[in-house]
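Heads up, the thing below is written out as structure tokens.
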Amino acid sequence: MWLCSRHFTEYVVDRVRATLKRYGMVKLGDSVLVCVSGGKDSITLLDVLWCLRDEFSLDIKVLHVDLGIGEYSVKCREVVEKVTEKYGIRPVILDVKRVLGMDVGAIARRVRRSTCSVCGLIKRYLINYVADVLNVSAVATGHTLDDLTMYILKLFITQDLTQLSRLRPYLEGVPEVGLRARIKPLCEVSEFETSTYVKLLSLPHVVARCPYINPDSMDFKVKEFLNSLEDKSPGLKLSLLRNYLKKLAPILMQYLTESGAEVNRCRVCSQATSSEVCSFCRLVSRLGLKPEEVLRKIRKEVLSS
Ligand code: AMP
Ligand code: FES
Ligand code: ZN
């Protein structure tokens, strides 16, 4: 398709509207916690949901986690503050350094783990925790078609069937353990489209990548491979996603139910976990901090935002 600037941005909004309906992601009047990193994908997500908020009667809240990764995190935070100011939203900004006393790089060195895995653990936990404190209906992330198809292929290669079965544009919440629904409204929008969207609308966004990203990682290799296939057969990623959801995902769901992967509440913080004490509480204890105190601090910051 060849579209002018106005029709292109309308096309992206139409696609997200159709995605919200197709996967039953939101109900009228839902409150949605939009997780914004400051990159092109989550900035597009926020802008499009903001355009659709009246149509779906959405109450939009924004969360940004400041990871303390030098100049990169400073820029991300500035972008999120600038964009949310434009819409008149007061974002919840959680500063990892303030909450845990160290940035993610220092935490990773202290516990001798890779920065990306510690960062992922902290982000996932904080997102769930804030969603619980704010009592939202759903948590929205900016995962794109490129991300979802990359994960489908990567998890198939590594045969991580449990993770693969959870890979869905819409994941129902589990109220018994405080988990909110997870939605990925950009699951049928490509990264090329998000980067074009932010450029055409002159939306502030961070272009730089996190310095800890490893360009030789499997994620990048799989994305490159899928891009080369998409070049030869346009539409391949979308059909991979839709066929996966129609054919393989239901079988995997059945597998997950039968293999009985249980979700409980953490003995310390009461958040969802598959073990007795969640990995966040274990990480916090390894840093010599008391999880209860850290959570009290986070709760206070969220409620005073
Ligand atoms: P990533 O795993 O970095 O590709 O990010 C996937 C999605 O997670 C983004 O589109 C955001 O919705 C969310 N996200 C990532 N980093 C942050 C952050 N620092 N603060 C809030 N949300 C984030
Ligand atoms: Fe988490 Fe780079 S964004 S380590
Ligand atoms: Zn816990």
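Each chain in the structure tokens gets a letter, A, B and so on, in the order shown; residues start at 1 in every chain, and ligands are counted from 1 in the order they appear.
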Pick out the residues no farther than 10 Å from ligand 3, counting only C-alpha atoms and all ligand atoms, and list them as a PDB file with N, CA, C and O atoms, in the first residue's frame.
ATOM      1  N   TYR A 125       8.198  -7.505  37.522  1.00  0.00           N
ATOM      2  CA  TYR A 125       7.628  -7.461  38.873  1.00  0.00           C
ATOM      3  C   TYR A 125       6.978  -6.096  39.133  1.00  0.00           C
ATOM      4  O   TYR A 125       5.841  -6.018  39.606  1.00  0.00           O
ATOM      5  N   TYR A 129       3.156  -5.304  40.031  1.00  0.00           N
ATOM      6  CA  TYR A 129       2.884  -4.746  41.352  1.00  0.00           C
ATOM      7  C   TYR A 129       2.100  -3.429  41.232  1.00  0.00           C
ATOM      8  O   TYR A 129       1.106  -3.213  41.912  1.00  0.00           O
ATOM      9  N   ARG A 265       0.623 -17.429  45.469  1.00  0.00           N
ATOM     10  CA  ARG A 265       1.021 -16.111  45.936  1.00  0.00           C
ATOM     11  C   ARG A 265       2.330 -16.246  46.718  1.00  0.00           C
ATOM     12  O   ARG A 265       2.503 -17.215  47.476  1.00  0.00           O
ATOM     13  N   CYS A 266       3.231 -15.282  46.525  1.00  0.00           N
ATOM     14  CA  CYS A 266       4.521 -15.316  47.226  1.00  0.00           C
ATOM     15  C   CYS A 266       4.272 -15.182  48.741  1.00  0.00           C
ATOM     16  O   CYS A 266       3.456 -14.371  49.172  1.00  0.00           O
ATOM     17  N   ARG A 267       4.991 -15.995  49.511  1.00  0.00           N
ATOM     18  CA  ARG A 267       4.823 -15.995  50.968  1.00  0.00           C
ATOM     19  C   ARG A 267       5.179 -14.632  51.580  1.00  0.00           C
ATOM     20  O   ARG A 267       4.639 -14.226  52.596  1.00  0.00           O
ATOM     21  N   VAL A 268       6.090 -13.897  50.909  1.00  0.00           N
ATOM     22  CA  VAL A 268       6.550 -12.624  51.459  1.00  0.00           C
ATOM     23  C   VAL A 268       5.691 -11.439  50.969  1.00  0.00           C
ATOM     24  O   VAL A 268       5.194 -10.649  51.756  1.00  0.00           O
ATOM     25  N   CYS A 269       5.504 -11.333  49.635  1.00  0.00           N
ATOM     26  CA  CYS A 269       4.858 -10.120  49.097  1.00  0.00           C
ATOM     27  C   CYS A 269       3.446 -10.361  48.575  1.00  0.00           C
ATOM     28  O   CYS A 269       2.784  -9.405  48.168  1.00  0.00           O
ATOM     29  N   SER A 270       3.022 -11.617  48.515  1.00  0.00           N
ATOM     30  CA  SER A 270       1.668 -11.981  48.031  1.00  0.00           C
ATOM     31  C   SER A 270       1.459 -11.801  46.533  1.00  0.00           C
ATOM     32  O   SER A 270       0.339 -11.906  46.058  1.00  0.00           O
ATOM     33  N   GLN A 271       2.532 -11.506  45.787  1.00  0.00           N
ATOM     34  CA  GLN A 271       2.368 -11.401  44.335  1.00  0.00           C
ATOM     35  C   GLN A 271       2.470 -12.794  43.711  1.00  0.00           C
ATOM     36  O   GLN A 271       2.915 -13.734  44.359  1.00  0.00           O
ATOM     37  N   ALA A 272       2.034 -12.900  42.451  1.00  0.00           N
ATOM     38  CA  ALA A 272       1.997 -14.214  41.784  1.00  0.00           C
ATOM     39  C   ALA A 272       3.403 -14.793  41.598  1.00  0.00           C
ATOM     40  O   ALA A 272       4.344 -14.066  41.272  1.00  0.00           O
ATOM     41  N   THR A 273       3.515 -16.095  41.829  1.00  0.00           N
ATOM     42  CA  THR A 273       4.791 -16.789  41.616  1.00  0.00           C
ATOM     43  C   THR A 273       4.539 -18.281  41.467  1.00  0.00           C
ATOM     44  O   THR A 273       3.506 -18.776  41.904  1.00  0.00           O
ATOM     45  N   SER A 275       6.878 -20.342  42.650  1.00  0.00           N
ATOM     46  CA  SER A 275       7.559 -20.979  43.793  1.00  0.00           C
ATOM     47  C   SER A 275       7.009 -20.395  45.104  1.00  0.00           C
ATOM     48  O   SER A 275       6.083 -19.597  45.087  1.00  0.00           O
ATOM     49  N   GLU A 276       7.639 -20.756  46.208  1.00  0.00           N
ATOM     50  CA  GLU A 276       7.095 -20.296  47.489  1.00  0.00           C
ATOM     51  C   GLU A 276       7.361 -18.799  47.705  1.00  0.00           C
ATOM     52  O   GLU A 276       6.507 -18.059  48.149  1.00  0.00           O
ATOM     53  N   VAL A 277       8.624 -18.415  47.376  1.00  0.00           N
ATOM     54  CA  VAL A 277       8.991 -16.993  47.479  1.00  0.00           C
ATOM     55  C   VAL A 277       9.341 -16.521  46.063  1.00  0.00           C
ATOM     56  O   VAL A 277      10.093 -17.193  45.349  1.00  0.00           O
ATOM     57  N   CYS A 278       8.798 -15.391  45.641  1.00  0.00           N
ATOM     58  CA  CYS A 278       9.001 -14.962  44.247  1.00  0.00           C
ATOM     59  C   CYS A 278      10.451 -14.523  44.007  1.00  0.00           C
ATOM     60  O   CYS A 278      11.189 -14.219  44.943  1.00  0.00           O
ATOM     61  N   SER A 279      10.834 -14.467  42.713  1.00  0.00           N
ATOM     62  CA  SER A 279      12.235 -14.167  42.406  1.00  0.00           C
ATOM     63  C   SER A 279      12.588 -12.721  42.768  1.00  0.00           C
ATOM     64  O   SER A 279      13.746 -12.430  43.058  1.00  0.00           O
ATOM     65  N   PHE A 280      11.613 -11.810  42.765  1.00  0.00           N
ATOM     66  CA  PHE A 280      11.917 -10.419  43.153  1.00  0.00           C
ATOM     67  C   PHE A 280      12.268 -10.362  44.638  1.00  0.00           C
ATOM     68  O   PHE A 280      13.258  -9.746  45.020  1.00  0.00           O
ATOM     69  N   CYS A 281      11.466 -11.005  45.474  1.00  0.00           N
ATOM     70  CA  CYS A 281      11.750 -10.986  46.919  1.00  0.00           C
ATOM     71  C   CYS A 281      13.106 -11.642  47.209  1.00  0.00           C
ATOM     72  O   CYS A 281      13.852 -11.174  48.068  1.00  0.00           O
ATOM     73  N   ARG A 282      13.422 -12.694  46.446  1.00  0.00           N
ATOM     74  CA  ARG A 282      14.724 -13.356  46.664  1.00  0.00           C
ATOM     75  C   ARG A 282      15.860 -12.419  46.253  1.00  0.00           C
ATOM     76  O   ARG A 282      16.869 -12.310  46.936  1.00  0.00           O
ATOM     77  N   LEU A 283      15.652 -11.710  45.132  1.00  0.00           N
ATOM     78  CA  LEU A 283      16.681 -10.767  44.659  1.00  0.00           C
ATOM     79  C   LEU A 283      16.890  -9.646  45.691  1.00  0.00           C
ATOM     80  O   LEU A 283      18.029  -9.316  46.045  1.00  0.00           O
ATOM     81  N   VAL A 284      15.786  -9.093  46.175  1.00  0.00           N
ATOM     82  CA  VAL A 284      15.860  -7.987  47.139  1.00  0.00           C
ATOM     83  C   VAL A 284      16.587  -8.443  48.412  1.00  0.00           C
ATOM     84  O   VAL A 284      17.438  -7.731  48.955  1.00  0.00           O
ATOM     85  N   PRO A 291      12.260  -7.075  51.719  1.00  0.00           N
ATOM     86  CA  PRO A 291      11.223  -6.912  50.689  1.00  0.00           C
ATOM     87  C   PRO A 291      10.032  -6.100  51.171  1.00  0.00           C
ATOM     88  O   PRO A 291       9.529  -5.239  50.444  1.00  0.00           O
ATOM     89  N   GLU A 292       9.596  -6.320  52.415  1.00  0.00           N
ATOM     90  CA  GLU A 292       8.405  -5.599  52.920  1.00  0.00           C
ATOM     91  C   GLU A 292       8.645  -4.089  52.888  1.00  0.00           C
ATOM     92  O   GLU A 292       7.764  -3.319  52.517  1.00  0.00           O
ATOM     93  N   LEU A 295       8.682  -2.747  49.289  1.00  0.00           N
ATOM     94  CA  LEU A 295       7.328  -2.669  48.725  1.00  0.00           C
ATOM     95  C   LEU A 295       6.530  -1.511  49.313  1.00  0.00           C
ATOM     96  O   LEU A 295       5.757  -0.865  48.618  1.00  0.00           O
TER      97      LEU A 295
END
- Message: Could you list, as a PyMOL selection string, all protein and nucleic acid residues with an atom at most 9 Å from ligand 2, counting only C-alpha atoms and all ligand atoms?
- Response: chain A and resi 37+67+69+73+104-105+114-120+123+209-213
Hey, could you make a per-residue contact list for chain A against ligand 1 with 6 Å as the cut-off, showing the nearest pair of atoms and its distance in Å to one decimal, counting only C-alpha atoms and all ligand atoms, sorted by chain and number, as a Markdown table?
| residue | atom | partner | partner_atom_place_in_ligand_line | distance |
| --- | --- | --- | --- | --- |
| A:Cys35 | CA | ligand 1 | 22 (N) | 3.8 |
| A:Val36 | CA | ligand 1 | 22 (N) | 4.2 |
| A:Ser37 | CA | ligand 1 | 17 (C) | 3.8 |
| A:Asp41 | CA | ligand 1 | 10 (O) | 5.5 |
| A:Ser42 | CA | ligand 1 | 10 (O) | 4.4 |
| A:Leu63 | CA | ligand 1 | 21 (C) | 5.5 |
| A:His64 | CA | ligand 1 | 20 (N) | 3.8 |
| A:Val65 | CA | ligand 1 | 20 (N) | 3.8 |
| A:Asp66 | CA | ligand 1 | 19 (N) | 5.6 |
| A:Thr141 | CA | ligand 1 | 12 (O) | 3.4 |
| A:Gly142 | CA | ligand 1 | 10 (O) | 3.2 |
| A:His143 | CA | ligand 1 | 10 (O) | 5.0 |
- For A:Ala249, list every protein, DNA or RNA residue within 9 Å, evaluated using only C-alpha atoms, and leave out those in the same chain fewer than 2 positions away; present the list as a PyMOL selection string. chain A and resi 164-168+243-247+251-254
- Message: Just checking: using only C-alpha atoms, which residue out of A:Glu55, A:Gly39, A:Val136, A:Leu241 ends up closest to A:Val189?
- Response: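 Looking at the shortest contact to A:Val189, the residue is A:Leu241.
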- Task: Rank nothing, just name the residue among A:Arg124, A:Arg98, A:Lys297, A:Arg182 nearest to A:Met25, using only C-alpha atoms.
- Result: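 Closest to A:Met25 of all the choices is A:Arg182.
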- Taking the backbone alone, and naming residues the way the document does, which bits of stretch 24-269 of chain A are helix (DSSP H, G or I) by DSSP, as a PyMOL selection string? chain A and resi 40-52+70-87+96-100+104-111+115-134+145-158+161-165+175-177+191-200+218-232+236-259
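What separates atom CA of A:Lys154 from atom CA of A:Leu186 is a distance of 19.4 Å.
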- For A:Asp147, work out the shell of residues within 10 Å, counting only C-alpha atoms and skipping chain neighbours fewer than 6 positions away, then give it as a PyMOL selection string. chain A and resi 186-187+190-191+219+222-223
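When only C-alpha atoms are used to compute distances to A:Ala18, the closest of the residues A:Pro234, A:Pro91, A:Pro185, A:Gly173 turns out to be A:Pro185.
Taking only C-alpha atoms into account, A:Val174 lies nearest to A:Val263 out of the set A:Leu20, A:Val263, A:Leu46, A:Leu153.
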- Task: Within 12 Å of A:Lys82, counting only C-alpha atoms, which residues show up once you throw out same-chain ones fewer than 3 positions away? Write them as a PyMOL selection string, please.
- Result: chain A and resi 38+43+75-79+85-91+203-206
Write a file of the just-selected residues containing N, CA and C atoms, as a PDB file, in the first residue's frame.
ATOM      1  N   GLY A  38       9.734   4.671  26.372  1.00  0.00           N
ATOM      2  CA  GLY A  38      10.267   5.875  25.712  1.00  0.00           C
ATOM      3  C   GLY A  38      10.712   5.568  24.291  1.00  0.00           C
ATOM      4  N   ILE A  43       5.753   4.466  22.587  1.00  0.00           N
ATOM      5  CA  ILE A  43       5.235   5.824  22.354  1.00  0.00           C
ATOM      6  C   ILE A  43       4.068   5.741  21.349  1.00  0.00           C
ATOM      7  N   LYS A  75      17.451   9.921  29.050  1.00  0.00           N
ATOM      8  CA  LYS A  75      16.709  10.300  27.832  1.00  0.00           C
ATOM      9  C   LYS A  75      15.322   9.662  27.827  1.00  0.00           C
ATOM     10  N   CYS A  76      15.253   8.374  28.204  1.00  0.00           N
ATOM     11  CA  CYS A  76      13.956   7.663  28.193  1.00  0.00           C
ATOM     12  C   CYS A  76      12.974   8.386  29.106  1.00  0.00           C
ATOM     13  N   ARG A  77      13.435   8.708  30.288  1.00  0.00           N
ATOM     14  CA  ARG A  77      12.560   9.356  31.274  1.00  0.00           C
ATOM     15  C   ARG A  77      12.085  10.720  30.774  1.00  0.00           C
ATOM     16  N   GLU A  78      13.029  11.485  30.176  1.00  0.00           N
ATOM     17  CA  GLU A  78      12.654  12.816  29.657  1.00  0.00           C
ATOM     18  C   GLU A  78      11.570  12.700  28.591  1.00  0.00           C
ATOM     19  N   VAL A  79      11.739  11.708  27.709  1.00  0.00           N
ATOM     20  CA  VAL A  79      10.755  11.511  26.632  1.00  0.00           C
ATOM     21  C   VAL A  79       9.386  11.178  27.213  1.00  0.00           C
ATOM     22  N   GLU A  85       3.036  14.805  29.333  1.00  0.00           N
ATOM     23  CA  GLU A  85       2.617  16.184  29.612  1.00  0.00           C
ATOM     24  C   GLU A  85       1.686  16.683  28.503  1.00  0.00           C
ATOM     25  N   LYS A  86       2.017  16.282  27.268  1.00  0.00           N
ATOM     26  CA  LYS A  86       1.209  16.660  26.101  1.00  0.00           C
ATOM     27  C   LYS A  86      -0.244  16.186  26.253  1.00  0.00           C
ATOM     28  N   TYR A  87      -0.435  14.984  26.856  1.00  0.00           N
ATOM     29  CA  TYR A  87      -1.801  14.458  27.014  1.00  0.00           C
ATOM     30  C   TYR A  87      -2.416  14.851  28.374  1.00  0.00           C
ATOM     31  N   GLY A  88      -1.627  15.511  29.213  1.00  0.00           N
ATOM     32  CA  GLY A  88      -2.140  15.872  30.541  1.00  0.00           C
ATOM     33  C   GLY A  88      -2.238  14.675  31.476  1.00  0.00           C
ATOM     34  N   ILE A  89      -1.361  13.669  31.276  1.00  0.00           N
ATOM     35  CA  ILE A  89      -1.359  12.489  32.163  1.00  0.00           C
ATOM     36  C   ILE A  89      -0.198  12.644  33.147  1.00  0.00           C
ATOM     37  N   ARG A  90      -0.448  12.301  34.420  1.00  0.00           N
ATOM     38  CA  ARG A  90       0.675  12.275  35.378  1.00  0.00           C
ATOM     39  C   ARG A  90       1.175  10.847  35.440  1.00  0.00           C
ATOM     40  N   PRO A  91       2.362  10.578  34.872  1.00  0.00           N
ATOM     41  CA  PRO A  91       2.814   9.177  34.840  1.00  0.00           C
ATOM     42  C   PRO A  91       3.313   8.712  36.206  1.00  0.00           C
ATOM     43  N   LEU A 203       6.492  12.645  17.162  1.00  0.00           N
ATOM     44  CA  LEU A 203       6.366  12.301  18.586  1.00  0.00           C
ATOM     45  C   LEU A 203       7.754  12.090  19.167  1.00  0.00           C
ATOM     46  N   PRO A 204       8.052  12.692  20.327  1.00  0.00           N
ATOM     47  CA  PRO A 204       9.374  12.465  20.933  1.00  0.00           C
ATOM     48  C   PRO A 204       9.560  10.975  21.214  1.00  0.00           C
ATOM     49  N   HIS A 205      10.721  10.447  20.950  1.00  0.00           N
ATOM     50  CA  HIS A 205      11.014   9.036  21.258  1.00  0.00           C
ATOM     51  C   HIS A 205      12.529   8.852  21.300  1.00  0.00           C
ATOM     52  N   VAL A 206      12.953   7.817  22.010  1.00  0.00           N
ATOM     53  CA  VAL A 206      14.391   7.568  22.127  1.00  0.00           C
ATOM     54  C   VAL A 206      14.824   6.645  20.992  1.00  0.00           C
TER      55      VAL A 206
END
- Item | Atomic separation - atom CA of A:Cys51 relative to atom CA of A:Leu200, Å |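 Spanning atom CA of A:Leu200 to atom CA of A:Cys51 is a straight-line distance of 15.5 Å.
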